[in-house]
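> target.cif is reproduced below (mmCIF, C-alpha atoms).
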data_protein
loop_
_atom_site.group_PDB
_atom_site.id
_atom_site.type_symbol
_atom_site.label_atom_id
_atom_site.label_comp_id
_atom_site.auth_asym_id
_atom_site.auth_seq_id
_atom_site.Cartn_x
_atom_site.Cartn_y
_atom_site.Cartn_z
ATOM 1 C CA MET R 14 -14.782 -63.070 161.023
ATOM 2 C CA ASP R 15 -14.411 -65.605 158.206
ATOM 3 C CA ILE R 16 -17.190 -64.530 155.850
ATOM 4 C CA ALA R 17 -16.505 -67.341 153.373
ATOM 5 C CA ALA R 18 -17.167 -69.890 156.124
ATOM 6 C CA GLN R 19 -20.726 -68.626 156.597
ATOM 7 C CA GLY R 20 -22.021 -70.322 153.440
ATOM 8 C CA ALA R 21 -24.097 -67.338 152.336
ATOM 9 C CA GLN R 22 -22.780 -67.363 148.741
ATOM 10 C CA PRO R 23 -21.548 -70.877 147.954
ATOM 11 C CA HIS R 24 -20.177 -70.090 144.491
ATOM 12 C CA LEU R 25 -18.174 -67.147 145.804
ATOM 13 C CA ASP R 26 -17.300 -68.701 149.177
ATOM 14 C CA SER R 27 -15.487 -71.654 147.628
ATOM 15 C CA LEU R 28 -13.577 -69.301 145.321
ATOM 16 C CA MET R 29 -12.459 -67.135 148.230
ATOM 17 C CA GLN R 30 -11.263 -70.240 150.035
ATOM 18 C CA ASP R 31 -9.309 -71.388 146.975
ATOM 19 C CA LEU R 32 -7.771 -67.946 146.516
ATOM 20 C CA GLU R 33 -6.501 -68.146 150.087
ATOM 21 C CA LYS R 34 -5.438 -71.798 149.711
ATOM 22 C CA TYR R 35 -3.253 -71.022 146.696
ATOM 23 C CA ASP R 36 -2.037 -67.634 147.988
ATOM 24 C CA LEU R 37 -3.755 -65.778 145.145
ATOM 25 C CA LEU R 38 -5.594 -63.083 147.108
ATOM 26 C CA LYS R 39 -3.087 -60.386 146.098
ATOM 27 C CA HIS R 40 -3.510 -61.376 142.453
ATOM 28 C CA ALA R 41 -7.302 -61.249 142.671
ATOM 29 C CA VAL R 42 -7.037 -57.703 144.052
ATOM 30 C CA GLU R 43 -4.602 -56.696 141.286
ATOM 31 C CA LEU R 44 -7.044 -57.994 138.669
ATOM 32 C CA ASP R 45 -9.831 -55.895 140.150
ATOM 33 C CA ALA R 46 -7.647 -52.803 140.540
ATOM 34 C CA TYR R 47 -5.397 -52.928 137.474
ATOM 35 C CA GLY R 48 -6.988 -55.500 135.180
ATOM 36 C CA LEU R 49 -3.825 -57.633 135.124
ATOM 37 C CA THR R 50 -1.540 -59.684 137.316
ATOM 38 C CA VAL R 51 1.452 -62.027 137.008
ATOM 39 C CA ILE R 52 1.542 -65.141 139.196
ATOM 40 C CA PRO R 53 5.086 -66.519 139.696
ATOM 41 C CA PRO R 54 6.001 -70.191 139.146
ATOM 42 C CA GLU R 55 6.308 -70.977 142.854
ATOM 43 C CA LYS R 56 2.644 -70.081 143.324
ATOM 44 C CA MET R 57 1.619 -71.994 140.196
ATOM 45 C CA GLY R 58 3.044 -75.229 141.576
ATOM 46 C CA VAL R 59 5.233 -75.925 138.530
ATOM 47 C CA ASP R 60 8.949 -76.550 138.168
ATOM 48 C CA LYS R 61 11.400 -75.885 135.343
ATOM 49 C CA ALA R 62 11.017 -79.407 133.978
ATOM 50 C CA TRP R 63 7.270 -78.932 133.511
ATOM 51 C CA VAL R 64 7.739 -75.539 131.832
ATOM 52 C CA THR R 65 10.259 -77.119 129.460
ATOM 53 C CA ARG R 66 7.723 -79.859 128.639
ATOM 54 C CA LEU R 67 5.127 -77.216 127.790
ATOM 55 C CA ARG R 68 7.526 -75.124 125.717
ATOM 56 C CA ASP R 69 8.815 -78.152 123.823
ATOM 57 C CA ALA R 70 5.269 -79.397 123.148
ATOM 58 C CA ILE R 71 4.405 -76.036 121.597
ATOM 59 C CA LEU R 72 7.487 -76.008 119.393
ATOM 60 C CA ARG R 73 7.110 -79.663 118.423
ATOM 61 C CA THR R 74 3.456 -79.187 117.476
ATOM 62 C CA CYS R 75 4.303 -76.089 115.454
ATOM 63 C CA GLU R 76 7.045 -77.957 113.601
ATOM 64 C CA LYS R 77 4.755 -80.893 112.831
ATOM 65 C CA ARG R 78 1.778 -78.846 111.706
ATOM 66 C CA ASN R 79 3.704 -76.375 109.587
ATOM 67 C CA ASP R 80 6.449 -78.652 108.253
ATOM 68 C CA ILE R 81 9.253 -76.502 109.619
ATOM 69 C CA GLU R 82 12.291 -77.108 111.839
ATOM 70 C CA ILE R 83 12.713 -74.667 114.706
ATOM 71 C CA GLY R 84 15.348 -76.403 116.805
ATOM 72 C CA ALA R 85 16.576 -74.893 120.057
ATOM 73 C CA PRO R 86 14.443 -71.800 120.841
ATOM 74 C CA GLU R 87 17.423 -69.798 122.103
ATOM 75 C CA ASP R 88 19.147 -70.211 118.732
ATOM 76 C CA ALA R 89 16.189 -69.893 116.367
ATOM 77 C CA SER R 90 16.145 -67.061 113.859
ATOM 78 C CA PRO R 91 13.166 -65.211 112.332
ATOM 79 C CA ASP R 92 13.623 -67.268 109.163
ATOM 80 C CA ASP R 93 13.158 -70.470 111.164
ATOM 81 C CA VAL R 94 9.674 -69.464 112.326
ATOM 82 C CA LYS R 95 8.189 -67.645 109.348
ATOM 83 C CA LYS R 96 5.147 -69.948 109.382
ATOM 84 C CA SER R 97 4.909 -70.373 113.152
ATOM 85 C CA PHE R 98 1.713 -68.311 113.410
ATOM 86 C CA LEU R 99 -0.208 -70.831 111.302
ATOM 87 C CA ASN R 100 -2.270 -73.776 112.572
ATOM 88 C CA SER R 101 -1.843 -72.784 116.202
ATOM 89 C CA TRP R 102 -5.285 -73.577 117.660
ATOM 90 C CA TYR R 103 -6.909 -76.770 119.009
ATOM 91 C CA LEU R 104 -3.877 -78.014 120.930
ATOM 92 C CA LEU R 105 -5.580 -80.096 123.597
ATOM 93 C CA GLN R 106 -5.040 -83.500 122.020
ATOM 94 C CA GLU R 107 -1.504 -82.854 120.779
ATOM 95 C CA ASP R 108 0.077 -83.441 124.191
ATOM 96 C CA GLU R 109 -1.306 -84.006 127.698
ATOM 97 C CA VAL R 110 0.733 -81.081 128.955
ATOM 98 C CA PHE R 111 -1.837 -78.789 127.303
ATOM 99 C CA VAL R 112 -4.560 -80.436 129.375
ATOM 100 C CA GLU R 113 -2.422 -80.017 132.490
ATOM 101 C CA ALA R 114 -1.914 -76.346 131.640
ATOM 102 C CA ALA R 115 -5.668 -75.786 131.383
ATOM 103 C CA LEU R 116 -6.615 -77.783 134.486
ATOM 104 C CA ASN R 117 -3.936 -76.409 136.801
ATOM 105 C CA PRO R 118 -5.867 -75.595 140.023
ATOM 106 C CA GLN R 119 -4.445 -72.085 140.226
ATOM 107 C CA VAL R 120 -5.434 -71.450 136.590
ATOM 108 C CA LEU R 121 -8.989 -72.582 137.249
ATOM 109 C CA THR R 122 -9.260 -70.581 140.460
ATOM 110 C CA ILE R 123 -8.217 -67.298 138.879
ATOM 111 C CA ALA R 124 -10.213 -67.966 135.684
ATOM 112 C CA ARG R 125 -13.331 -68.583 137.783
ATOM 113 C CA TRP R 126 -12.623 -65.482 139.843
ATOM 114 C CA LEU R 127 -12.765 -63.428 136.643
ATOM 115 C CA CYS R 128 -15.463 -65.262 134.679
ATOM 116 C CA GLY R 129 -17.474 -67.271 137.198
ATOM 117 C CA GLN R 130 -17.659 -70.920 138.206
ATOM 118 C CA SER R 131 -19.206 -71.854 134.853
ATOM 119 C CA THR R 132 -16.363 -70.396 132.780
ATOM 120 C CA VAL R 133 -15.173 -72.467 129.828
ATOM 121 C CA LEU R 134 -11.892 -72.779 127.985
ATOM 122 C CA ALA R 135 -12.977 -71.165 124.747
ATOM 123 C CA GLY R 136 -9.665 -71.617 122.945
ATOM 124 C CA HIS R 137 -5.938 -71.734 123.299
ATOM 125 C CA THR R 138 -3.082 -70.982 120.958
ATOM 126 C CA TRP R 139 0.641 -70.344 120.993
ATOM 127 C CA ILE R 140 2.641 -67.195 120.395
ATOM 128 C CA ILE R 141 6.145 -67.843 119.063
ATOM 129 C CA LYS R 142 7.832 -64.478 118.691
ATOM 130 C CA PRO R 143 11.320 -64.061 117.155
ATOM 131 C CA GLU R 144 13.381 -60.911 116.745
ATOM 132 C CA THR R 145 11.217 -58.338 115.014
ATOM 133 C CA LYS R 146 11.130 -54.652 114.189
ATOM 134 C CA HIS R 147 7.400 -54.426 114.813
ATOM 135 C CA GLY R 148 5.336 -54.449 117.971
ATOM 136 C CA LEU R 149 1.592 -54.784 118.390
ATOM 137 C CA GLY R 150 -0.700 -51.833 119.026
ATOM 138 C CA LEU R 151 -2.969 -51.516 122.040
ATOM 139 C CA HIS R 152 -6.205 -53.441 121.801
ATOM 140 C CA SER R 153 -8.768 -55.292 123.894
ATOM 141 C CA ASP R 154 -9.493 -59.025 123.834
ATOM 142 C CA ALA R 155 -13.197 -58.446 124.506
ATOM 143 C CA HIS R 156 -14.000 -58.607 120.798
ATOM 144 C CA GLY R 157 -17.630 -58.168 119.902
ATOM 145 C CA ILE R 158 -18.593 -56.704 123.297
ATOM 146 C CA PRO R 159 -19.930 -53.138 122.889
ATOM 147 C CA PRO R 160 -19.259 -50.195 125.213
ATOM 148 C CA GLY R 161 -21.382 -50.460 128.330
ATOM 149 C CA GLY R 162 -21.004 -54.239 128.380
ATOM 150 C CA GLY R 163 -20.843 -54.248 132.171
ATOM 151 C CA HIS R 164 -18.140 -54.262 134.817
ATOM 152 C CA ILE R 165 -17.730 -58.043 134.740
ATOM 153 C CA ALA R 166 -15.129 -59.843 132.656
ATOM 154 C CA HIS R 167 -16.812 -61.627 129.764
ATOM 155 C CA VAL R 168 -13.487 -63.053 128.638
ATOM 156 C CA ALA R 169 -10.080 -63.509 130.267
ATOM 157 C CA ASN R 170 -6.574 -64.267 129.039
ATOM 158 C CA LEU R 171 -4.469 -66.657 131.122
ATOM 159 C CA SER R 172 -1.092 -67.062 129.423
ATOM 160 C CA TRP R 173 1.685 -69.408 130.466
ATOM 161 C CA LEU R 174 5.090 -67.797 129.956
ATOM 162 C CA CYS R 175 7.358 -70.512 128.553
ATOM 163 C CA THR R 176 10.384 -68.241 128.286
ATOM 164 C CA ASP R 177 11.521 -65.352 130.473
ATOM 165 C CA TYR R 178 9.978 -61.918 130.038
ATOM 166 C CA ALA R 179 12.903 -60.113 131.682
ATOM 167 C CA SER R 180 13.235 -56.808 129.818
ATOM 168 C CA ALA R 181 11.816 -54.648 127.046
ATOM 169 C CA ASP R 182 14.226 -56.360 124.636
ATOM 170 C CA ASP R 183 12.346 -59.647 125.122
ATOM 171 C CA GLY R 184 9.386 -58.101 123.284
ATOM 172 C CA PRO R 185 6.957 -58.348 126.204
ATOM 173 C CA THR R 186 3.266 -57.639 126.340
ATOM 174 C CA VAL R 187 2.500 -54.149 127.664
ATOM 175 C CA PHE R 188 -0.663 -52.974 129.414
ATOM 176 C CA VAL R 189 -2.628 -49.864 130.281
ATOM 177 C CA PRO R 190 -3.417 -50.537 133.968
ATOM 178 C CA GLY R 191 -7.040 -49.863 134.860
ATOM 179 C CA SER R 192 -8.211 -49.734 131.247
ATOM 180 C CA HIS R 193 -10.632 -52.617 131.881
ATOM 181 C CA ARG R 194 -12.829 -50.034 133.612
ATOM 182 C CA TYR R 195 -13.136 -47.942 130.445
ATOM 183 C CA GLY R 196 -15.570 -50.509 129.091
ATOM 184 C CA ARG R 197 -14.611 -50.174 125.437
ATOM 185 C CA ALA R 198 -11.960 -51.002 122.872
ATOM 186 C CA THR R 199 -9.216 -48.571 121.876
ATOM 187 C CA LEU R 200 -9.828 -45.790 119.386
ATOM 188 C CA PRO R 201 -7.332 -45.261 116.527
ATOM 189 C CA HIS R 202 -5.472 -42.399 118.215
ATOM 190 C CA GLU R 203 -5.076 -44.485 121.390
ATOM 191 C CA SER R 204 -3.723 -47.709 119.933
ATOM 192 C CA LYS R 205 -0.216 -46.763 118.715
ATOM 193 C CA LEU R 206 2.292 -47.379 121.502
ATOM 194 C CA ASP R 207 4.511 -44.440 120.542
ATOM 195 C CA GLU R 208 1.554 -42.040 120.405
ATOM 196 C CA THR R 209 -0.982 -43.210 122.984
ATOM 197 C CA PRO R 210 -1.749 -40.709 125.769
ATOM 198 C CA TYR R 211 -2.019 -43.532 128.313
ATOM 199 C CA PRO R 212 0.848 -44.850 130.470
ATOM 200 C CA VAL R 213 1.817 -48.444 129.714
ATOM 201 C CA VAL R 214 3.658 -50.989 131.839
ATOM 202 C CA PRO R 215 5.555 -54.045 130.507
ATOM 203 C CA LEU R 216 4.880 -57.618 131.547
ATOM 204 C CA HIS R 217 7.822 -59.029 133.490
ATOM 205 C CA GLY R 218 7.939 -62.636 134.656
ATOM 206 C CA GLU R 219 10.141 -65.695 134.566
ATOM 207 C CA ALA R 220 9.301 -68.816 132.616
ATOM 208 C CA GLY R 221 6.571 -70.744 134.402
ATOM 209 C CA SER R 222 4.672 -67.617 135.433
ATOM 210 C CA LEU R 223 1.022 -67.142 134.556
ATOM 211 C CA ALA R 224 0.114 -63.744 133.109
ATOM 212 C CA VAL R 225 -3.575 -63.005 133.620
ATOM 213 C CA TRP R 226 -5.657 -60.133 132.375
ATOM 214 C CA HIS R 227 -9.294 -59.081 132.199
ATOM 215 C CA GLY R 228 -10.495 -59.349 128.617
ATOM 216 C CA ALA R 229 -11.206 -55.626 128.447
ATOM 217 C CA THR R 230 -7.710 -54.565 129.562
ATOM 218 C CA TRP R 231 -5.860 -52.748 126.798
ATOM 219 C CA HIS R 232 -2.581 -54.364 125.848
ATOM 220 C CA GLY R 233 -0.065 -54.606 123.024
ATOM 221 C CA SER R 234 3.599 -55.591 122.750
ATOM 222 C CA HIS R 235 7.068 -54.198 122.157
ATOM 223 C CA PRO R 236 9.261 -55.482 119.318
ATOM 224 C CA ARG R 237 11.644 -58.256 120.354
ATOM 225 C CA LYS R 238 15.303 -57.249 120.085
ATOM 226 C CA ASN R 239 16.898 -60.233 121.797
ATOM 227 C CA PRO R 240 17.905 -63.293 119.756
ATOM 228 C CA GLY R 241 15.913 -66.488 120.090
ATOM 229 C CA LEU R 242 12.195 -66.897 120.691
ATOM 230 C CA ARG R 243 9.559 -65.702 123.110
ATOM 231 C CA VAL R 244 7.213 -68.669 123.609
ATOM 232 C CA THR R 245 3.789 -68.373 125.239
ATOM 233 C CA LEU R 246 0.705 -70.543 125.604
ATOM 234 C CA VAL R 247 -2.380 -68.310 125.462
ATOM 235 C CA GLN R 248 -5.494 -69.695 127.166
ATOM 236 C CA VAL R 249 -8.766 -67.846 126.576
ATOM 237 C CA PHE R 250 -11.539 -68.414 129.096
ATOM 238 C CA MET R 251 -15.050 -67.060 128.539
ATOM 239 C CA ARG R 252 -18.295 -66.877 130.425
ATOM 240 C CA MET R 253 -20.863 -69.450 129.435
ATOM 241 C CA HIS R 254 -23.117 -66.851 127.798
ATOM 242 C CA MET R 255 -20.417 -66.179 125.213
ATOM 243 C CA ARG R 256 -21.107 -69.582 123.689
ATOM 244 C CA PRO R 257 -23.889 -69.623 121.048
ATOM 245 C CA ILE R 258 -27.001 -71.731 121.532
ATOM 246 C CA HIS R 259 -26.352 -73.145 118.102
ATOM 247 C CA HIS R 260 -23.328 -72.750 115.881
ATOM 248 C CA TRP R 261 -24.791 -72.500 112.413
ATOM 249 C CA GLN R 262 -22.631 -74.203 109.806
ATOM 250 C CA ARG R 263 -22.850 -73.057 106.208
ATOM 251 C CA GLU R 264 -23.061 -76.645 105.009
ATOM 252 C CA GLU R 265 -26.170 -77.150 107.179
ATOM 253 C CA ILE R 266 -28.103 -74.475 105.336
ATOM 254 C CA SER R 267 -29.678 -75.102 101.967
ATOM 255 C CA SER R 268 -27.876 -73.210 99.209
ATOM 256 C CA ASN R 269 -31.308 -72.484 97.755
ATOM 257 C CA LEU R 270 -32.343 -70.733 100.975
ATOM 258 C CA LEU R 271 -29.131 -68.712 101.087
ATOM 259 C CA SER R 272 -29.607 -67.681 97.482
ATOM 260 C CA LYS R 273 -33.280 -66.810 97.946
ATOM 261 C CA TYR R 274 -32.752 -64.972 101.255
ATOM 262 C CA PRO R 275 -29.382 -63.141 101.120
ATOM 263 C CA GLU R 276 -29.895 -61.617 104.592
ATOM 264 C CA LEU R 277 -29.914 -65.113 106.122
ATOM 265 C CA GLU R 278 -26.126 -65.389 105.889
ATOM 266 C CA ARG R 279 -25.699 -62.306 108.041
ATOM 267 C CA VAL R 280 -28.418 -63.178 110.552
ATOM 268 C CA LEU R 281 -27.001 -66.656 111.155
ATOM 269 C CA GLY R 282 -23.497 -65.245 111.609
ATOM 270 C CA LEU R 283 -22.019 -67.239 108.751
ATOM 271 C CA GLU R 284 -19.683 -64.331 108.000
ATOM 272 C CA SER R 285 -18.542 -63.877 111.621
ATOM 273 C CA LEU R 286 -14.877 -63.882 112.614
ATOM 274 C CA TYR R 287 -15.577 -66.546 115.242
ATOM 275 C CA PRO R 288 -15.147 -69.401 115.623
ATOM 276 C CA TYR R 289 -11.565 -69.647 114.425
ATOM 277 C CA LYS R 290 -10.536 -72.774 112.618
ATOM 278 C CA GLU R 291 -6.852 -73.615 112.597
ATOM 279 C CA HIS R 292 -6.024 -70.013 111.795
ATOM 280 C CA ASN R 293 -7.863 -66.914 110.624
ATOM 281 C CA GLN R 294 -8.946 -67.698 107.092
ATOM 282 C CA HIS R 295 -10.944 -64.483 106.699
ATOM 283 C CA PRO R 296 -8.883 -61.452 107.790
ATOM 284 C CA GLU R 297 -11.414 -59.189 106.101
ATOM 285 C CA ARG R 298 -13.861 -60.053 108.899
ATOM 286 C CA VAL R 299 -11.643 -58.730 111.695
ATOM 287 C CA GLY R 300 -12.492 -55.028 111.294
ATOM 288 C CA PRO R 301 -16.295 -55.326 111.253
ATOM 289 C CA PHE R 302 -16.226 -57.765 114.168
ATOM 290 C CA MET R 303 -14.117 -55.476 116.359
ATOM 291 C CA GLN R 304 -16.071 -52.307 115.540
ATOM 292 C CA THR R 305 -18.601 -53.250 118.207
ATOM 293 C CA GLY R 306 -15.927 -52.533 120.819
ATOM 294 C CA THR R 307 -16.363 -48.795 120.256
ATOM 295 C CA ASP R 308 -19.770 -48.609 118.583
ATOM 296 C CA PRO R 309 -22.749 -50.435 120.152
ATOM 297 C CA PHE R 310 -24.672 -50.130 116.887
ATOM 298 C CA ALA R 311 -21.986 -51.651 114.695
#
Mind turning the file's structure into structure tokens?

Amino acid sequence: MDIAAQGAQPHLDSLMQDLEKYDLLKHAVELDAYGLTVIPPEKMGVDKAWVTRLRDAILRTCEKRNDIEIGAPEDASPDDVKKSFLNSWYLLQEDEVFVEAALNPQVLTIARWLCGQSTVLAGHTWIIKPETKHGLGLHSDAHGIPPGGGHIAHVANLSWLCTDYASADDGPTVFVPGSHRYGRATLPHESKLDETPYPVVPLHGEAGSLAVWHGATWHGSHPRKNPGLRVTLVQVFMRMHMRPIHHWQREEISSNLLSKYPELERVLGLESLYPYKEHNQHPERVGPFMQTGTDPFA
């Protein structure tokens, strides 16, 4: 029996048909079971030339925005990319390949599987990772969502791998499979990779793969020991309800009102971490914003 052909749930039925069309059913199951999956290039419908276009567009945009010269990614040193983490958002109009990356049919199918037909591309950024002695501790991407936020994915990460993630020495992302079901962010004693009581698995995939994870899945990264760069395009999709009805801008609000009513700044979210501009200009806001992941009253 083909349930999707019955037309009982049109939003879901069309998704099921697309999952079958693009051979993504296994990956949809892995997302439900483990909170992560890696879709290989042959299923993404991209070739090496397209992946090179995407990688080069990232590096070229980084060079232009940050007035640096990276050169060939396989030869770049940590000194070449000291400022590569700056000015990494709002890429859409830099090169059409970023639009292609977002509108890839397989990307949209799996994003809508996680976050519904009305999901939106909330932001995208690059990660350019050189040799480093430091990794990244376990954390969740579901920032601002308190424990008990529901079994659904409010946010999802769909990252294009622009270089190979072949071994631990490439500095790959690592995951705690199934952690999306915990429904909360990591606690301090759980976040350090060398101390966490949870088993972690590394992300392996060749360039052109799409790494996908539920926003609540705990993940971090190993240090990169190999020379050259790990290059990734991170695409963040969110459910429509994650968008505010109105984004209050400080310049819209009378300075007299803000002075007279100090609580107004907090109520309007003028001190919130989101939305990012070109980069995080207020690191002091990160902690309070992420506290809601473990404390619903934060």
> Could you tell me which residues the PyMOL selection byres ((chain R and resi 44) around 10) grabs in this file, written as number ranges by chain?
R: 38-43, 45-51, 123, 126-127, 190-191, 193, 225-227, 230
> Using only C-alpha atoms, pick whichever of R:Ile158, R:Leu121, R:Ala89, R:Met253 has the shortest atom-to-atom distance to Ala135 (chain R).
R:Met253
> Between R:Ala124, R:Ala169, R:Leu72, R:Leu281, which one has atoms that come closest to Gly228 (chain R), using only C-alpha atoms?
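Ranked by minimum distance to Gly228 (chain R), first place goes to R:Ala169.
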> List the neighbours of Gly218 (chain R) out to 8 Å using all atoms listed in the file; skip same-chain residues closer than 4 positions along the sequence, and give me the result as a list in words.
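Result of the neighbour search: Val51, Pro53, Leu174, Asp177, Tyr178, Ala179 and Ser222 of chain R.
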> Can you list, as a count of residues only, every protein, DNA or RNA residue that comes within 10 Å of Glu203 (chain R) when you count only C-alpha atoms, leaving out same-chain residues fewer than 4 positions away?
11
> I'd like the contact shell of Gly129 (chain R) - 12 Å cut-off, all atoms listed in the file, skipping same-chain residues fewer than 2 positions apart - returned as a count of residues only.
24
> Find the residue from R:His137, R:Lys61, R:Lys34, R:Lys95 that sits nearest to Val249 (chain R); use only C-alpha atoms when measuring.
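Closest candidate: R:His137.
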> Could you list, as a PyMOL selection string, every residue matched by the PyMOL selection byres ((chain R and resi 235) around 8) in this structure?
chain R and resi 147-149+181-182+184-187+233-234+236-237
> Using the chain letters and numbers from this file, what does the PyMOL selection byres ((chain R and resi 78) around 12) select? Give the answer as a PyMOL selection string.
chain R and resi 70-77+79-82+96-104+107+291-292
> With C-alpha atoms retained, export the selected residues as a PDB file, in the coordinates of the input.

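As a result, result.pdb now contains:
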ATOM      1  CA  ALA R  70       5.269 -79.397 123.148  1.00  0.00           C
ATOM      2  CA  ILE R  71       4.405 -76.036 121.597  1.00  0.00           C
ATOM      3  CA  LEU R  72       7.487 -76.008 119.393  1.00  0.00           C
ATOM      4  CA  ARG R  73       7.110 -79.663 118.423  1.00  0.00           C
ATOM      5  CA  THR R  74       3.456 -79.187 117.476  1.00  0.00           C
ATOM      6  CA  CYS R  75       4.303 -76.089 115.454  1.00  0.00           C
ATOM      7  CA  GLU R  76       7.045 -77.957 113.601  1.00  0.00           C
ATOM      8  CA  LYS R  77       4.755 -80.893 112.831  1.00  0.00           C
ATOM      9  CA  ASN R  79       3.704 -76.375 109.587  1.00  0.00           C
ATOM     10  CA  ASP R  80       6.449 -78.652 108.253  1.00  0.00           C
ATOM     11  CA  ILE R  81       9.253 -76.502 109.619  1.00  0.00           C
ATOM     12  CA  GLU R  82      12.291 -77.108 111.839  1.00  0.00           C
ATOM     13  CA  LYS R  96       5.147 -69.948 109.382  1.00  0.00           C
ATOM     14  CA  SER R  97       4.909 -70.373 113.152  1.00  0.00           C
ATOM     15  CA  PHE R  98       1.713 -68.311 113.410  1.00  0.00           C
ATOM     16  CA  LEU R  99      -0.208 -70.831 111.302  1.00  0.00           C
ATOM     17  CA  ASN R 100      -2.270 -73.776 112.572  1.00  0.00           C
ATOM     18  CA  SER R 101      -1.843 -72.784 116.202  1.00  0.00           C
ATOM     19  CA  TRP R 102      -5.285 -73.577 117.660  1.00  0.00           C
ATOM     20  CA  TYR R 103      -6.909 -76.770 119.009  1.00  0.00           C
ATOM     21  CA  LEU R 104      -3.877 -78.014 120.930  1.00  0.00           C
ATOM     22  CA  GLU R 107      -1.504 -82.854 120.779  1.00  0.00           C
ATOM     23  CA  GLU R 291      -6.852 -73.615 112.597  1.00  0.00           C
ATOM     24  CA  HIS R 292      -6.024 -70.013 111.795  1.00  0.00           C
TER      25      HIS R 292
END
> Could you list as a VMD selection string every residue that has an atom within 8 Å of (4.2, -70.6, 121.6), using the file's coordinates and counting all atoms listed in the file?
chain R and resid 68 71 to 72 138 to 142 175 243 to 247
> Kindly save the residues from that selection, with C-alpha atoms included, as a PDB file, keeping the file's coordinate frame.

ATOM      1  CA  ARG R  68       7.526 -75.124 125.717  1.00  0.00           C
ATOM      2  CA  ILE R  71       4.405 -76.036 121.597  1.00  0.00           C
ATOM      3  CA  LEU R  72       7.487 -76.008 119.393  1.00  0.00           C
ATOM      4  CA  THR R 138      -3.082 -70.982 120.958  1.00  0.00           C
ATOM      5  CA  TRP R 139       0.641 -70.344 120.993  1.00  0.00           C
ATOM      6  CA  ILE R 140       2.641 -67.195 120.395  1.00  0.00           C
ATOM      7  CA  ILE R 141       6.145 -67.843 119.063  1.00  0.00           C
ATOM      8  CA  LYS R 142       7.832 -64.478 118.691  1.00  0.00           C
ATOM      9  CA  CYS R 175       7.358 -70.512 128.553  1.00  0.00           C
ATOM     10  CA  ARG R 243       9.559 -65.702 123.110  1.00  0.00           C
ATOM     11  CA  VAL R 244       7.213 -68.669 123.609  1.00  0.00           C
ATOM     12  CA  THR R 245       3.789 -68.373 125.239  1.00  0.00           C
ATOM     13  CA  LEU R 246       0.705 -70.543 125.604  1.00  0.00           C
ATOM     14  CA  VAL R 247      -2.380 -68.310 125.462  1.00  0.00           C
TER      15      VAL R 247
END
> Given 8 Å on each side, where is the centre and what are the edge lengths in Å to one decimal of the axis-aligned box enclosing the listed atoms of region 89-106 of chain R, as JSON?

{"center_x": 4.6, "center_y": -74.4, "center_z": 116.4, "size_x": 39.1, "size_y": 34.3, "size_z": 30.4}
> Which distance in Å separates CA of Gly241 (chain R) and CA of Asp88 (chain R), to one decimal?
5.1 Å
> Set the distance at 7 Å and use all atoms listed in the file: which residues neighbour region 16-21 of chain R once local chain neighbours fewer than 3 positions away are removed? I'd like the list as JSON, numbers by chain.
{"R": [26, 29, 30]}
> Go ahead and compute the interatomic distance for CA of Leu242 (chain R) and CA of Asn117 (chain R), in Å to one decimal.
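Separating CA of Leu242 (chain R) from CA of Asn117 (chain R) is a distance of 24.7 Å.
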> Separation of CA of Ile83 (chain R) and CA of Asn239 (chain R), in Å?
16.6 Å
> Could you check the closest approach to Glu113 (chain R) for each of R:Pro288, R:Pro257, R:Gly300, R:Gly58 and tell me which residue wins, using all atoms listed in the file?
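Between R:Pro288, R:Pro257, R:Gly300, R:Gly58, the residue approaching Glu113 (chain R) most closely is R:Gly58.
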> Kindly indicate which residue among R:Phe310, R:Tyr195, R:Trp63, R:Tyr35 lies nearest to His164 (chain R), using all atoms listed in the file for the distances.
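Of all the options, R:Tyr195 lies closest to His164 (chain R).
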> Which residue out of R:Phe111, R:Gly221, R:Pro143, R:Leu37 has the minimum interatomic distance to Asp92 (chain R) when all atoms listed in the file are used?
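Comparing R:Phe111, R:Gly221, R:Pro143, R:Leu37 against Asp92 (chain R), the winner is R:Pro143.
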